[in-house]
Amino acid sequence: YPSLTIFYAPSRERACVRRAPTNTPLQALVLLNDPAYVEMAEALARRIIDRIDGSEARLEYAFRLVLARAPEVGELARFLDFEHEQRKNEADGDLHLWTLMAQVLLNMDETITKE
């Protein structure tokens, strides 16, 4: 699978005890554009929308699901600003908006590297 090549996944022919950490611009592009990752972000968005009402509560829930922590004040403000801008510019509805928000969360360095 091409996505695994971009993330330097080991071949399945032998066991791999440790992988070298990598971070390239291509990896970010894959996380934003590969159909599998877009579908994952949409599934996360549906979960958020179906279970929680209100933007701040949804962000809290999303952060806890993805990062296992609450958003910091600055992060919360940036996400709410992003939501406001998207609502001004697009009329596609909550699913599209929260798919974009989920893509941002899933593409954060903290999510990818767990650091």
# chains A, B, ... in the order shown; residues from 1 in each chain; ligands from 1
$ residues_around --residues "A:Met40" --least-positions-apart "6" --cutoff "12 Å" --atoms "only C-alpha atoms" --output "list of chain:residue names"
A:Leu31, A:Leu32, A:Asn33, A:Asp34, A:Arg46, A:Arg47, A:Val66, A:Trp98, A:Thr99, A:Leu100, A:Ala102, A:Gln103, A:Leu105, A:Leu106, A:Asn107
$ write_last_selection --atoms "C-alpha atoms" --output "tab-separated table (two decimals), in the first residue's frame"
chain	number	residue	atom	x	y	z
A	31	LEU	CA	-2.83	12.21	6.07
A	32	LEU	CA	-4.85	15.01	4.47
A	33	ASN	CA	-5.55	13.49	1.05
A	34	ASP	CA	-5.41	9.69	1.06
A	46	ARG	CA	-19.80	11.44	12.58
A	47	ARG	CA	-18.99	10.05	16.02
A	66	VAL	CA	-7.73	11.62	19.78
A	98	TRP	CA	-16.22	18.41	11.55
A	99	THR	CA	-14.45	16.24	8.99
A	100	LEU	CA	-12.06	19.15	8.45
A	102	ALA	CA	-11.01	15.85	12.58
A	103	GLN	CA	-8.41	16.00	9.81
A	105	LEU	CA	-6.65	16.78	14.91
A	106	LEU	CA	-5.50	13.58	13.23
A	107	ASN	CA	-2.69	15.42	11.44
$ select_by_dssp --residues "chain A" --states "alpha helix (DSSP H)" --output "PDB file with N, CA, C and O atoms, in the first residue's frame"
ATOM      1  N   PRO A   2       0.673   2.148  -0.944  1.00  0.00           N
ATOM      2  CA  PRO A   2       1.568   3.314  -1.077  1.00  0.00           C
ATOM      3  C   PRO A   2       1.694   4.151   0.195  1.00  0.00           C
ATOM      4  O   PRO A   2       2.761   4.682   0.486  1.00  0.00           O
ATOM      5  N   SER A   3       0.626   4.271   0.949  1.00  0.00           N
ATOM      6  CA  SER A   3       0.672   5.060   2.173  1.00  0.00           C
ATOM      7  C   SER A   3       1.703   4.511   3.146  1.00  0.00           C
ATOM      8  O   SER A   3       2.401   5.275   3.827  1.00  0.00           O
ATOM      9  N   LEU A   4       1.802   3.208   3.219  1.00  0.00           N
ATOM     10  CA  LEU A   4       2.777   2.608   4.135  1.00  0.00           C
ATOM     11  C   LEU A   4       4.211   2.911   3.708  1.00  0.00           C
ATOM     12  O   LEU A   4       5.096   3.049   4.551  1.00  0.00           O
ATOM     13  N   THR A   5       4.439   3.028   2.421  1.00  0.00           N
ATOM     14  CA  THR A   5       5.768   3.378   1.919  1.00  0.00           C
ATOM     15  C   THR A   5       6.164   4.775   2.378  1.00  0.00           C
ATOM     16  O   THR A   5       7.293   5.000   2.798  1.00  0.00           O
ATOM     17  N   ILE A   6       5.223   5.703   2.314  1.00  0.00           N
ATOM     18  CA  ILE A   6       5.494   7.085   2.731  1.00  0.00           C
ATOM     19  C   ILE A   6       5.861   7.156   4.207  1.00  0.00           C
ATOM     20  O   ILE A   6       6.669   7.971   4.630  1.00  0.00           O
ATOM     21  N   PRO A  25       7.194  16.073   4.686  1.00  0.00           N
ATOM     22  CA  PRO A  25       5.997  16.764   4.193  1.00  0.00           C
ATOM     23  C   PRO A  25       5.039  15.816   3.464  1.00  0.00           C
ATOM     24  O   PRO A  25       3.824  16.009   3.504  1.00  0.00           O
ATOM     25  N   LEU A  26       5.567  14.802   2.814  1.00  0.00           N
ATOM     26  CA  LEU A  26       4.692  13.849   2.113  1.00  0.00           C
ATOM     27  C   LEU A  26       3.758  13.125   3.078  1.00  0.00           C
ATOM     28  O   LEU A  26       2.623  12.800   2.737  1.00  0.00           O
ATOM     29  N   GLN A  27       4.218  12.887   4.287  1.00  0.00           N
ATOM     30  CA  GLN A  27       3.369  12.212   5.263  1.00  0.00           C
ATOM     31  C   GLN A  27       2.162  13.077   5.611  1.00  0.00           C
ATOM     32  O   GLN A  27       1.033  12.576   5.707  1.00  0.00           O
ATOM     33  N   ALA A  28       2.356  14.358   5.765  1.00  0.00           N
ATOM     34  CA  ALA A  28       1.236  15.258   6.047  1.00  0.00           C
ATOM     35  C   ALA A  28       0.262  15.283   4.873  1.00  0.00           C
ATOM     36  O   ALA A  28      -0.958  15.277   5.073  1.00  0.00           O
ATOM     37  N   LEU A  29       0.779  15.279   3.657  1.00  0.00           N
ATOM     38  CA  LEU A  29      -0.097  15.254   2.484  1.00  0.00           C
ATOM     39  C   LEU A  29      -0.911  13.968   2.419  1.00  0.00           C
ATOM     40  O   LEU A  29      -2.093  13.992   2.076  1.00  0.00           O
ATOM     41  N   VAL A  30      -0.289  12.851   2.764  1.00  0.00           N
ATOM     42  CA  VAL A  30      -1.020  11.589   2.788  1.00  0.00           C
ATOM     43  C   VAL A  30      -2.129  11.637   3.825  1.00  0.00           C
ATOM     44  O   VAL A  30      -3.268  11.238   3.567  1.00  0.00           O
ATOM     45  N   LEU A  31      -1.827  12.145   5.013  1.00  0.00           N
ATOM     46  CA  LEU A  31      -2.831  12.213   6.074  1.00  0.00           C
ATOM     47  C   LEU A  31      -4.001  13.125   5.706  1.00  0.00           C
ATOM     48  O   LEU A  31      -5.114  12.936   6.191  1.00  0.00           O
ATOM     49  N   LEU A  32      -3.771  14.100   4.866  1.00  0.00           N
ATOM     50  CA  LEU A  32      -4.845  15.006   4.474  1.00  0.00           C
ATOM     51  C   LEU A  32      -5.592  14.554   3.219  1.00  0.00           C
ATOM     52  O   LEU A  32      -6.753  14.928   3.036  1.00  0.00           O
ATOM     53  N   ASN A  33      -4.966  13.765   2.362  1.00  0.00           N
ATOM     54  CA  ASN A  33      -5.555  13.489   1.052  1.00  0.00           C
ATOM     55  C   ASN A  33      -5.831  12.030   0.726  1.00  0.00           C
ATOM     56  O   ASN A  33      -6.642  11.754  -0.154  1.00  0.00           O
ATOM     57  N   PRO A  35      -7.581   8.717   0.485  1.00  0.00           N
ATOM     58  CA  PRO A  35      -8.993   8.414   0.736  1.00  0.00           C
ATOM     59  C   PRO A  35      -9.240   7.661   2.049  1.00  0.00           C
ATOM     60  O   PRO A  35     -10.248   7.904   2.718  1.00  0.00           O
ATOM     61  N   ALA A  36      -8.345   6.796   2.426  1.00  0.00           N
ATOM     62  CA  ALA A  36      -8.528   6.043   3.678  1.00  0.00           C
ATOM     63  C   ALA A  36      -8.507   6.986   4.880  1.00  0.00           C
ATOM     64  O   ALA A  36      -9.337   6.868   5.798  1.00  0.00           O
ATOM     65  N   TYR A  37      -7.597   7.938   4.886  1.00  0.00           N
ATOM     66  CA  TYR A  37      -7.501   8.878   6.003  1.00  0.00           C
ATOM     67  C   TYR A  37      -8.666   9.862   6.007  1.00  0.00           C
ATOM     68  O   TYR A  37      -9.134  10.270   7.067  1.00  0.00           O
ATOM     69  N   VAL A  38      -9.137  10.253   4.826  1.00  0.00           N
ATOM     70  CA  VAL A  38     -10.312  11.132   4.752  1.00  0.00           C
ATOM     71  C   VAL A  38     -11.530  10.394   5.314  1.00  0.00           C
ATOM     72  O   VAL A  38     -12.326  10.963   6.064  1.00  0.00           O
ATOM     73  N   GLU A  39     -11.667   9.112   4.978  1.00  0.00           N
ATOM     74  CA  GLU A  39     -12.773   8.315   5.514  1.00  0.00           C
ATOM     75  C   GLU A  39     -12.664   8.178   7.037  1.00  0.00           C
ATOM     76  O   GLU A  39     -13.678   8.212   7.744  1.00  0.00           O
ATOM     77  N   MET A  40     -11.448   8.018   7.538  1.00  0.00           N
ATOM     78  CA  MET A  40     -11.261   7.942   8.994  1.00  0.00           C
ATOM     79  C   MET A  40     -11.675   9.247   9.664  1.00  0.00           C
ATOM     80  O   MET A  40     -12.336   9.241  10.705  1.00  0.00           O
ATOM     81  N   ALA A  41     -11.293  10.365   9.067  1.00  0.00           N
ATOM     82  CA  ALA A  41     -11.662  11.668   9.627  1.00  0.00           C
ATOM     83  C   ALA A  41     -13.177  11.848   9.584  1.00  0.00           C
ATOM     84  O   ALA A  41     -13.777  12.364  10.540  1.00  0.00           O
ATOM     85  N   GLU A  42     -13.810  11.401   8.508  1.00  0.00           N
ATOM     86  CA  GLU A  42     -15.270  11.518   8.413  1.00  0.00           C
ATOM     87  C   GLU A  42     -15.958  10.640   9.458  1.00  0.00           C
ATOM     88  O   GLU A  42     -16.954  11.049  10.070  1.00  0.00           O
ATOM     89  N   ALA A  43     -15.422   9.445   9.682  1.00  0.00           N
ATOM     90  CA  ALA A  43     -15.997   8.566  10.706  1.00  0.00           C
ATOM     91  C   ALA A  43     -15.864   9.196  12.094  1.00  0.00           C
ATOM     92  O   ALA A  43     -16.798   9.139  12.906  1.00  0.00           O
ATOM     93  N   LEU A  44     -14.716   9.810  12.362  1.00  0.00           N
ATOM     94  CA  LEU A  44     -14.529  10.508  13.637  1.00  0.00           C
ATOM     95  C   LEU A  44     -15.508  11.668  13.744  1.00  0.00           C
ATOM     96  O   LEU A  44     -16.121  11.884  14.796  1.00  0.00           O
ATOM     97  N   ALA A  45     -15.686  12.412  12.661  1.00  0.00           N
ATOM     98  CA  ALA A  45     -16.623  13.540  12.661  1.00  0.00           C
ATOM     99  C   ALA A  45     -18.048  13.063  12.946  1.00  0.00           C
ATOM    100  O   ALA A  45     -18.766  13.687  13.741  1.00  0.00           O
ATOM    101  N   ARG A  46     -18.449  11.984  12.319  1.00  0.00           N
ATOM    102  CA  ARG A  46     -19.800  11.441  12.575  1.00  0.00           C
ATOM    103  C   ARG A  46     -19.959  11.056  14.048  1.00  0.00           C
ATOM    104  O   ARG A  46     -20.999  11.318  14.652  1.00  0.00           O
ATOM    105  N   ARG A  47     -18.941  10.449  14.608  1.00  0.00           N
ATOM    106  CA  ARG A  47     -18.992  10.055  16.018  1.00  0.00           C
ATOM    107  C   ARG A  47     -19.149  11.278  16.919  1.00  0.00           C
ATOM    108  O   ARG A  47     -19.936  11.277  17.864  1.00  0.00           O
ATOM    109  N   ILE A  48     -18.400  12.318  16.617  1.00  0.00           N
ATOM    110  CA  ILE A  48     -18.462  13.552  17.404  1.00  0.00           C
ATOM    111  C   ILE A  48     -19.851  14.187  17.293  1.00  0.00           C
ATOM    112  O   ILE A  48     -20.468  14.543  18.294  1.00  0.00           O
ATOM    113  N   ILE A  49     -20.349  14.313  16.073  1.00  0.00           N
ATOM    114  CA  ILE A  49     -21.642  14.946  15.829  1.00  0.00           C
ATOM    115  C   ILE A  49     -22.783  14.152  16.468  1.00  0.00           C
ATOM    116  O   ILE A  49     -23.700  14.723  17.050  1.00  0.00           O
ATOM    117  N   ASP A  50     -22.723  12.836  16.350  1.00  0.00           N
ATOM    118  CA  ASP A  50     -23.802  11.992  16.865  1.00  0.00           C
ATOM    119  C   ASP A  50     -23.890  11.986  18.384  1.00  0.00           C
ATOM    120  O   ASP A  50     -24.963  11.785  18.944  1.00  0.00           O
ATOM    121  N   ARG A  51     -22.773  12.205  19.058  1.00  0.00           N
ATOM    122  CA  ARG A  51     -22.764  12.046  20.516  1.00  0.00           C
ATOM    123  C   ARG A  51     -22.798  13.337  21.310  1.00  0.00           C
ATOM    124  O   ARG A  51     -23.207  13.340  22.469  1.00  0.00           O
ATOM    125  N   SER A  55     -20.240  23.367  20.025  1.00  0.00           N
ATOM    126  CA  SER A  55     -18.872  23.381  19.490  1.00  0.00           C
ATOM    127  C   SER A  55     -17.805  23.101  20.540  1.00  0.00           C
ATOM    128  O   SER A  55     -16.920  22.275  20.334  1.00  0.00           O
ATOM    129  N   GLU A  56     -17.867  23.808  21.666  1.00  0.00           N
ATOM    130  CA  GLU A  56     -16.832  23.615  22.686  1.00  0.00           C
ATOM    131  C   GLU A  56     -16.875  22.204  23.263  1.00  0.00           C
ATOM    132  O   GLU A  56     -15.834  21.579  23.458  1.00  0.00           O
ATOM    133  N   ALA A  57     -18.059  21.705  23.519  1.00  0.00           N
ATOM    134  CA  ALA A  57     -18.192  20.345  24.051  1.00  0.00           C
ATOM    135  C   ALA A  57     -17.700  19.323  23.041  1.00  0.00           C
ATOM    136  O   ALA A  57     -17.049  18.338  23.404  1.00  0.00           O
ATOM    137  N   ARG A  58     -17.989  19.557  21.765  1.00  0.00           N
ATOM    138  CA  ARG A  58     -17.494  18.649  20.717  1.00  0.00           C
ATOM    139  C   ARG A  58     -15.968  18.662  20.650  1.00  0.00           C
ATOM    140  O   ARG A  58     -15.339  17.615  20.488  1.00  0.00           O
ATOM    141  N   LEU A  59     -15.385  19.850  20.762  1.00  0.00           N
ATOM    142  CA  LEU A  59     -13.920  19.927  20.737  1.00  0.00           C
ATOM    143  C   LEU A  59     -13.308  19.220  21.930  1.00  0.00           C
ATOM    144  O   LEU A  59     -12.309  18.507  21.786  1.00  0.00           O
ATOM    145  N   GLU A  60     -13.886  19.410  23.087  1.00  0.00           N
ATOM    146  CA  GLU A  60     -13.400  18.698  24.289  1.00  0.00           C
ATOM    147  C   GLU A  60     -13.437  17.189  24.048  1.00  0.00           C
ATOM    148  O   GLU A  60     -12.475  16.486  24.335  1.00  0.00           O
ATOM    149  N   TYR A  61     -14.562  16.711  23.548  1.00  0.00           N
ATOM    150  CA  TYR A  61     -14.747  15.279  23.282  1.00  0.00           C
ATOM    151  C   TYR A  61     -13.733  14.793  22.243  1.00  0.00           C
ATOM    152  O   TYR A  61     -13.091  13.760  22.431  1.00  0.00           O
ATOM    153  N   ALA A  62     -13.575  15.562  21.172  1.00  0.00           N
ATOM    154  CA  ALA A  62     -12.640  15.176  20.104  1.00  0.00           C
ATOM    155  C   ALA A  62     -11.211  15.109  20.626  1.00  0.00           C
ATOM    156  O   ALA A  62     -10.472  14.159  20.323  1.00  0.00           O
ATOM    157  N   PHE A  63     -10.803  16.088  21.392  1.00  0.00           N
ATOM    158  CA  PHE A  63      -9.452  16.081  21.950  1.00  0.00           C
ATOM    159  C   PHE A  63      -9.247  14.880  22.868  1.00  0.00           C
ATOM    160  O   PHE A  63      -8.199  14.239  22.833  1.00  0.00           O
ATOM    161  N   ARG A  64     -10.239  14.585  23.668  1.00  0.00           N
ATOM    162  CA  ARG A  64     -10.109  13.432  24.581  1.00  0.00           C
ATOM    163  C   ARG A  64     -10.031  12.124  23.801  1.00  0.00           C
ATOM    164  O   ARG A  64      -9.272  11.231  24.177  1.00  0.00           O
ATOM    165  N   LEU A  65     -10.804  12.007  22.728  1.00  0.00           N
ATOM    166  CA  LEU A  65     -10.756  10.793  21.910  1.00  0.00           C
ATOM    167  C   LEU A  65      -9.403  10.623  21.217  1.00  0.00           C
ATOM    168  O   LEU A  65      -8.827   9.543  21.223  1.00  0.00           O
ATOM    169  N   VAL A  66      -8.936  11.703  20.614  1.00  0.00           N
ATOM    170  CA  VAL A  66      -7.732  11.619  19.777  1.00  0.00           C
ATOM    171  C   VAL A  66      -6.447  11.741  20.587  1.00  0.00           C
ATOM    172  O   VAL A  66      -5.503  10.984  20.378  1.00  0.00           O
ATOM    173  N   LEU A  67      -6.401  12.681  21.525  1.00  0.00           N
ATOM    174  CA  LEU A  67      -5.159  12.974  22.236  1.00  0.00           C
ATOM    175  C   LEU A  67      -5.166  12.570  23.708  1.00  0.00           C
ATOM    176  O   LEU A  67      -4.154  12.704  24.389  1.00  0.00           O
ATOM    177  N   VAL A  73      -6.322  26.292  26.309  1.00  0.00           N
ATOM    178  CA  VAL A  73      -7.132  27.470  26.005  1.00  0.00           C
ATOM    179  C   VAL A  73      -6.814  27.998  24.606  1.00  0.00           C
ATOM    180  O   VAL A  73      -7.718  28.308  23.823  1.00  0.00           O
ATOM    181  N   GLY A  74      -5.536  28.104  24.276  1.00  0.00           N
ATOM    182  CA  GLY A  74      -5.143  28.603  22.957  1.00  0.00           C
ATOM    183  C   GLY A  74      -5.587  27.688  21.832  1.00  0.00           C
ATOM    184  O   GLY A  74      -6.006  28.157  20.765  1.00  0.00           O
ATOM    185  N   GLU A  75      -5.490  26.395  22.056  1.00  0.00           N
ATOM    186  CA  GLU A  75      -5.937  25.434  21.047  1.00  0.00           C
ATOM    187  C   GLU A  75      -7.439  25.549  20.821  1.00  0.00           C
ATOM    188  O   GLU A  75      -7.908  25.556  19.681  1.00  0.00           O
ATOM    189  N   LEU A  76      -8.163  25.636  21.907  1.00  0.00           N
ATOM    190  CA  LEU A  76      -9.612  25.760  21.822  1.00  0.00           C
ATOM    191  C   LEU A  76      -9.989  27.009  21.031  1.00  0.00           C
ATOM    192  O   LEU A  76     -10.842  26.959  20.135  1.00  0.00           O
ATOM    193  N   ALA A  77      -9.324  28.106  21.309  1.00  0.00           N
ATOM    194  CA  ALA A  77      -9.602  29.367  20.609  1.00  0.00           C
ATOM    195  C   ALA A  77      -9.301  29.236  19.118  1.00  0.00           C
ATOM    196  O   ALA A  77     -10.085  29.704  18.277  1.00  0.00           O
ATOM    197  N   ARG A  78      -8.161  28.609  18.765  1.00  0.00           N
ATOM    198  CA  ARG A  78      -7.813  28.455  17.351  1.00  0.00           C
ATOM    199  C   ARG A  78      -8.815  27.567  16.622  1.00  0.00           C
ATOM    200  O   ARG A  78      -9.213  27.857  15.493  1.00  0.00           O
ATOM    201  N   PHE A  79      -9.232  26.475  17.248  1.00  0.00           N
ATOM    202  CA  PHE A  79     -10.212  25.594  16.620  1.00  0.00           C
ATOM    203  C   PHE A  79     -11.556  26.300  16.456  1.00  0.00           C
ATOM    204  O   PHE A  79     -12.222  26.144  15.427  1.00  0.00           O
ATOM    205  N   LEU A  80     -11.966  27.063  17.451  1.00  0.00           N
ATOM    206  CA  LEU A  80     -13.233  27.791  17.345  1.00  0.00           C
ATOM    207  C   LEU A  80     -13.149  28.872  16.267  1.00  0.00           C
ATOM    208  O   LEU A  80     -14.119  29.095  15.536  1.00  0.00           O
ATOM    209  N   ASP A  81     -11.988  29.538  16.140  1.00  0.00           N
ATOM    210  CA  ASP A  81     -11.789  30.502  15.055  1.00  0.00           C
ATOM    211  C   ASP A  81     -11.869  29.808  13.704  1.00  0.00           C
ATOM    212  O   ASP A  81     -12.485  30.319  12.760  1.00  0.00           O
ATOM    213  N   PHE A  82     -11.237  28.635  13.595  1.00  0.00           N
ATOM    214  CA  PHE A  82     -11.270  27.854  12.364  1.00  0.00           C
ATOM    215  C   PHE A  82     -12.716  27.490  12.024  1.00  0.00           C
ATOM    216  O   PHE A  82     -13.153  27.628  10.876  1.00  0.00           O
ATOM    217  N   GLU A  83     -13.464  27.053  13.028  1.00  0.00           N
ATOM    218  CA  GLU A  83     -14.870  26.697  12.807  1.00  0.00           C
ATOM    219  C   GLU A  83     -15.653  27.909  12.309  1.00  0.00           C
ATOM    220  O   GLU A  83     -16.426  27.812  11.348  1.00  0.00           O
ATOM    221  N   HIS A  84     -15.436  29.051  12.944  1.00  0.00           N
ATOM    222  CA  HIS A  84     -16.142  30.271  12.558  1.00  0.00           C
ATOM    223  C   HIS A  84     -15.833  30.641  11.107  1.00  0.00           C
ATOM    224  O   HIS A  84     -16.743  30.968  10.332  1.00  0.00           O
ATOM    225  N   GLU A  85     -14.571  30.598  10.728  1.00  0.00           N
ATOM    226  CA  GLU A  85     -14.172  30.918   9.352  1.00  0.00           C
ATOM    227  C   GLU A  85     -14.794  29.941   8.356  1.00  0.00           C
ATOM    228  O   GLU A  85     -15.253  30.341   7.288  1.00  0.00           O
ATOM    229  N   GLN A  86     -14.794  28.664   8.678  1.00  0.00           N
ATOM    230  CA  GLN A  86     -15.366  27.663   7.785  1.00  0.00           C
ATOM    231  C   GLN A  86     -16.870  27.866   7.629  1.00  0.00           C
ATOM    232  O   GLN A  86     -17.407  27.714   6.538  1.00  0.00           O
ATOM    233  N   ARG A  87     -17.544  28.201   8.702  1.00  0.00           N
ATOM    234  CA  ARG A  87     -18.992  28.427   8.625  1.00  0.00           C
ATOM    235  C   ARG A  87     -19.317  29.655   7.769  1.00  0.00           C
ATOM    236  O   ARG A  87     -20.338  29.693   7.094  1.00  0.00           O
ATOM    237  N   LYS A  88     -18.439  30.667   7.792  1.00  0.00           N
ATOM    238  CA  LYS A  88     -18.640  31.853   6.955  1.00  0.00           C
ATOM    239  C   LYS A  88     -18.469  31.528   5.475  1.00  0.00           C
ATOM    240  O   LYS A  88     -19.188  32.046   4.640  1.00  0.00           O
ATOM    241  N   ASN A  89     -17.493  30.673   5.172  1.00  0.00           N
ATOM    242  CA  ASN A  89     -17.102  30.439   3.788  1.00  0.00           C
ATOM    243  C   ASN A  89     -17.793  29.264   3.118  1.00  0.00           C
ATOM    244  O   ASN A  89     -17.733  29.133   1.908  1.00  0.00           O
ATOM    245  N   ASP A  94     -22.505  20.526   9.027  1.00  0.00           N
ATOM    246  CA  ASP A  94     -21.689  20.052  10.141  1.00  0.00           C
ATOM    247  C   ASP A  94     -20.744  18.915   9.767  1.00  0.00           C
ATOM    248  O   ASP A  94     -19.614  18.887  10.232  1.00  0.00           O
ATOM    249  N   LEU A  95     -21.206  17.976   8.969  1.00  0.00           N
ATOM    250  CA  LEU A  95     -20.348  16.828   8.663  1.00  0.00           C
ATOM    251  C   LEU A  95     -19.074  17.270   7.962  1.00  0.00           C
ATOM    252  O   LEU A  95     -17.975  16.849   8.328  1.00  0.00           O
ATOM    253  N   HIS A  96     -19.207  18.133   6.984  1.00  0.00           N
ATOM    254  CA  HIS A  96     -18.011  18.609   6.272  1.00  0.00           C
ATOM    255  C   HIS A  96     -17.094  19.387   7.214  1.00  0.00           C
ATOM    256  O   HIS A  96     -15.883  19.170   7.239  1.00  0.00           O
ATOM    257  N   LEU A  97     -17.686  20.288   8.000  1.00  0.00           N
ATOM    258  CA  LEU A  97     -16.899  21.081   8.939  1.00  0.00           C
ATOM    259  C   LEU A  97     -16.160  20.193   9.933  1.00  0.00           C
ATOM    260  O   LEU A  97     -14.953  20.353  10.139  1.00  0.00           O
ATOM    261  N   TRP A  98     -16.861  19.241  10.535  1.00  0.00           N
ATOM    262  CA  TRP A  98     -16.224  18.411  11.546  1.00  0.00           C
ATOM    263  C   TRP A  98     -15.271  17.394  10.935  1.00  0.00           C
ATOM    264  O   TRP A  98     -14.335  16.940  11.597  1.00  0.00           O
ATOM    265  N   THR A  99     -15.447  17.070   9.671  1.00  0.00           N
ATOM    266  CA  THR A  99     -14.451  16.237   8.989  1.00  0.00           C
ATOM    267  C   THR A  99     -13.148  17.023   8.857  1.00  0.00           C
ATOM    268  O   THR A  99     -12.062  16.488   9.098  1.00  0.00           O
ATOM    269  N   LEU A 100     -13.253  18.300   8.514  1.00  0.00           N
ATOM    270  CA  LEU A 100     -12.055  19.145   8.446  1.00  0.00           C
ATOM    271  C   LEU A 100     -11.398  19.265   9.814  1.00  0.00           C
ATOM    272  O   LEU A 100     -10.165  19.187   9.942  1.00  0.00           O
ATOM    273  N   MET A 101     -12.212  19.474  10.844  1.00  0.00           N
ATOM    274  CA  MET A 101     -11.668  19.581  12.206  1.00  0.00           C
ATOM    275  C   MET A 101     -10.978  18.275  12.600  1.00  0.00           C
ATOM    276  O   MET A 101      -9.902  18.295  13.206  1.00  0.00           O
ATOM    277  N   ALA A 102     -11.595  17.149  12.261  1.00  0.00           N
ATOM    278  CA  ALA A 102     -11.006  15.851  12.585  1.00  0.00           C
ATOM    279  C   ALA A 102      -9.697  15.655  11.822  1.00  0.00           C
ATOM    280  O   ALA A 102      -8.732  15.119  12.369  1.00  0.00           O
ATOM    281  N   GLN A 103      -9.648  16.103  10.573  1.00  0.00           N
ATOM    282  CA  GLN A 103      -8.406  15.996   9.810  1.00  0.00           C
ATOM    283  C   GLN A 103      -7.285  16.786  10.477  1.00  0.00           C
ATOM    284  O   GLN A 103      -6.146  16.318  10.534  1.00  0.00           O
ATOM    285  N   VAL A 104      -7.602  17.968  10.971  1.00  0.00           N
ATOM    286  CA  VAL A 104      -6.592  18.775  11.665  1.00  0.00           C
ATOM    287  C   VAL A 104      -6.104  18.022  12.907  1.00  0.00           C
ATOM    288  O   VAL A 104      -4.897  17.899  13.138  1.00  0.00           O
ATOM    289  N   LEU A 105      -7.033  17.512  13.694  1.00  0.00           N
ATOM    290  CA  LEU A 105      -6.650  16.779  14.908  1.00  0.00           C
ATOM    291  C   LEU A 105      -5.807  15.550  14.586  1.00  0.00           C
ATOM    292  O   LEU A 105      -4.812  15.270  15.250  1.00  0.00           O
ATOM    293  N   LEU A 106      -6.214  14.806  13.569  1.00  0.00           N
ATOM    294  CA  LEU A 106      -5.497  13.577  13.227  1.00  0.00           C
ATOM    295  C   LEU A 106      -4.141  13.850  12.585  1.00  0.00           C
ATOM    296  O   LEU A 106      -3.284  12.972  12.549  1.00  0.00           O
ATOM    297  N   ASP A 109       1.100  16.740  15.093  1.00  0.00           N
ATOM    298  CA  ASP A 109       2.308  15.994  15.425  1.00  0.00           C
ATOM    299  C   ASP A 109       2.099  15.145  16.686  1.00  0.00           C
ATOM    300  O   ASP A 109       2.543  14.007  16.751  1.00  0.00           O
ATOM    301  N   GLU A 110       1.413  15.701  17.644  1.00  0.00           N
ATOM    302  CA  GLU A 110       1.149  14.980  18.896  1.00  0.00           C
ATOM    303  C   GLU A 110       0.346  13.699  18.657  1.00  0.00           C
ATOM    304  O   GLU A 110       0.541  12.692  19.328  1.00  0.00           O
ATOM    305  N   THR A 111      -0.548  13.726  17.684  1.00  0.00           N
ATOM    306  CA  THR A 111      -1.346  12.545  17.355  1.00  0.00           C
ATOM    307  C   THR A 111      -0.490  11.504  16.638  1.00  0.00           C
ATOM    308  O   THR A 111      -0.564  10.310  16.959  1.00  0.00           O
ATOM    309  N   ILE A 112       0.302  11.947  15.719  1.00  0.00           N
ATOM    310  CA  ILE A 112       1.079  11.027  14.875  1.00  0.00           C
ATOM    311  C   ILE A 112       2.218  10.389  15.654  1.00  0.00           C
ATOM    312  O   ILE A 112       2.435   9.186  15.572  1.00  0.00           O
ATOM    313  N   THR A 113       2.943  11.196  16.420  1.00  0.00           N
ATOM    314  CA  THR A 113       4.134  10.663  17.083  1.00  0.00           C
ATOM    315  C   THR A 113       3.905  10.286  18.547  1.00  0.00           C
ATOM    316  O   THR A 113       4.779   9.732  19.174  1.00  0.00           O
TER     317      THR A 113
END
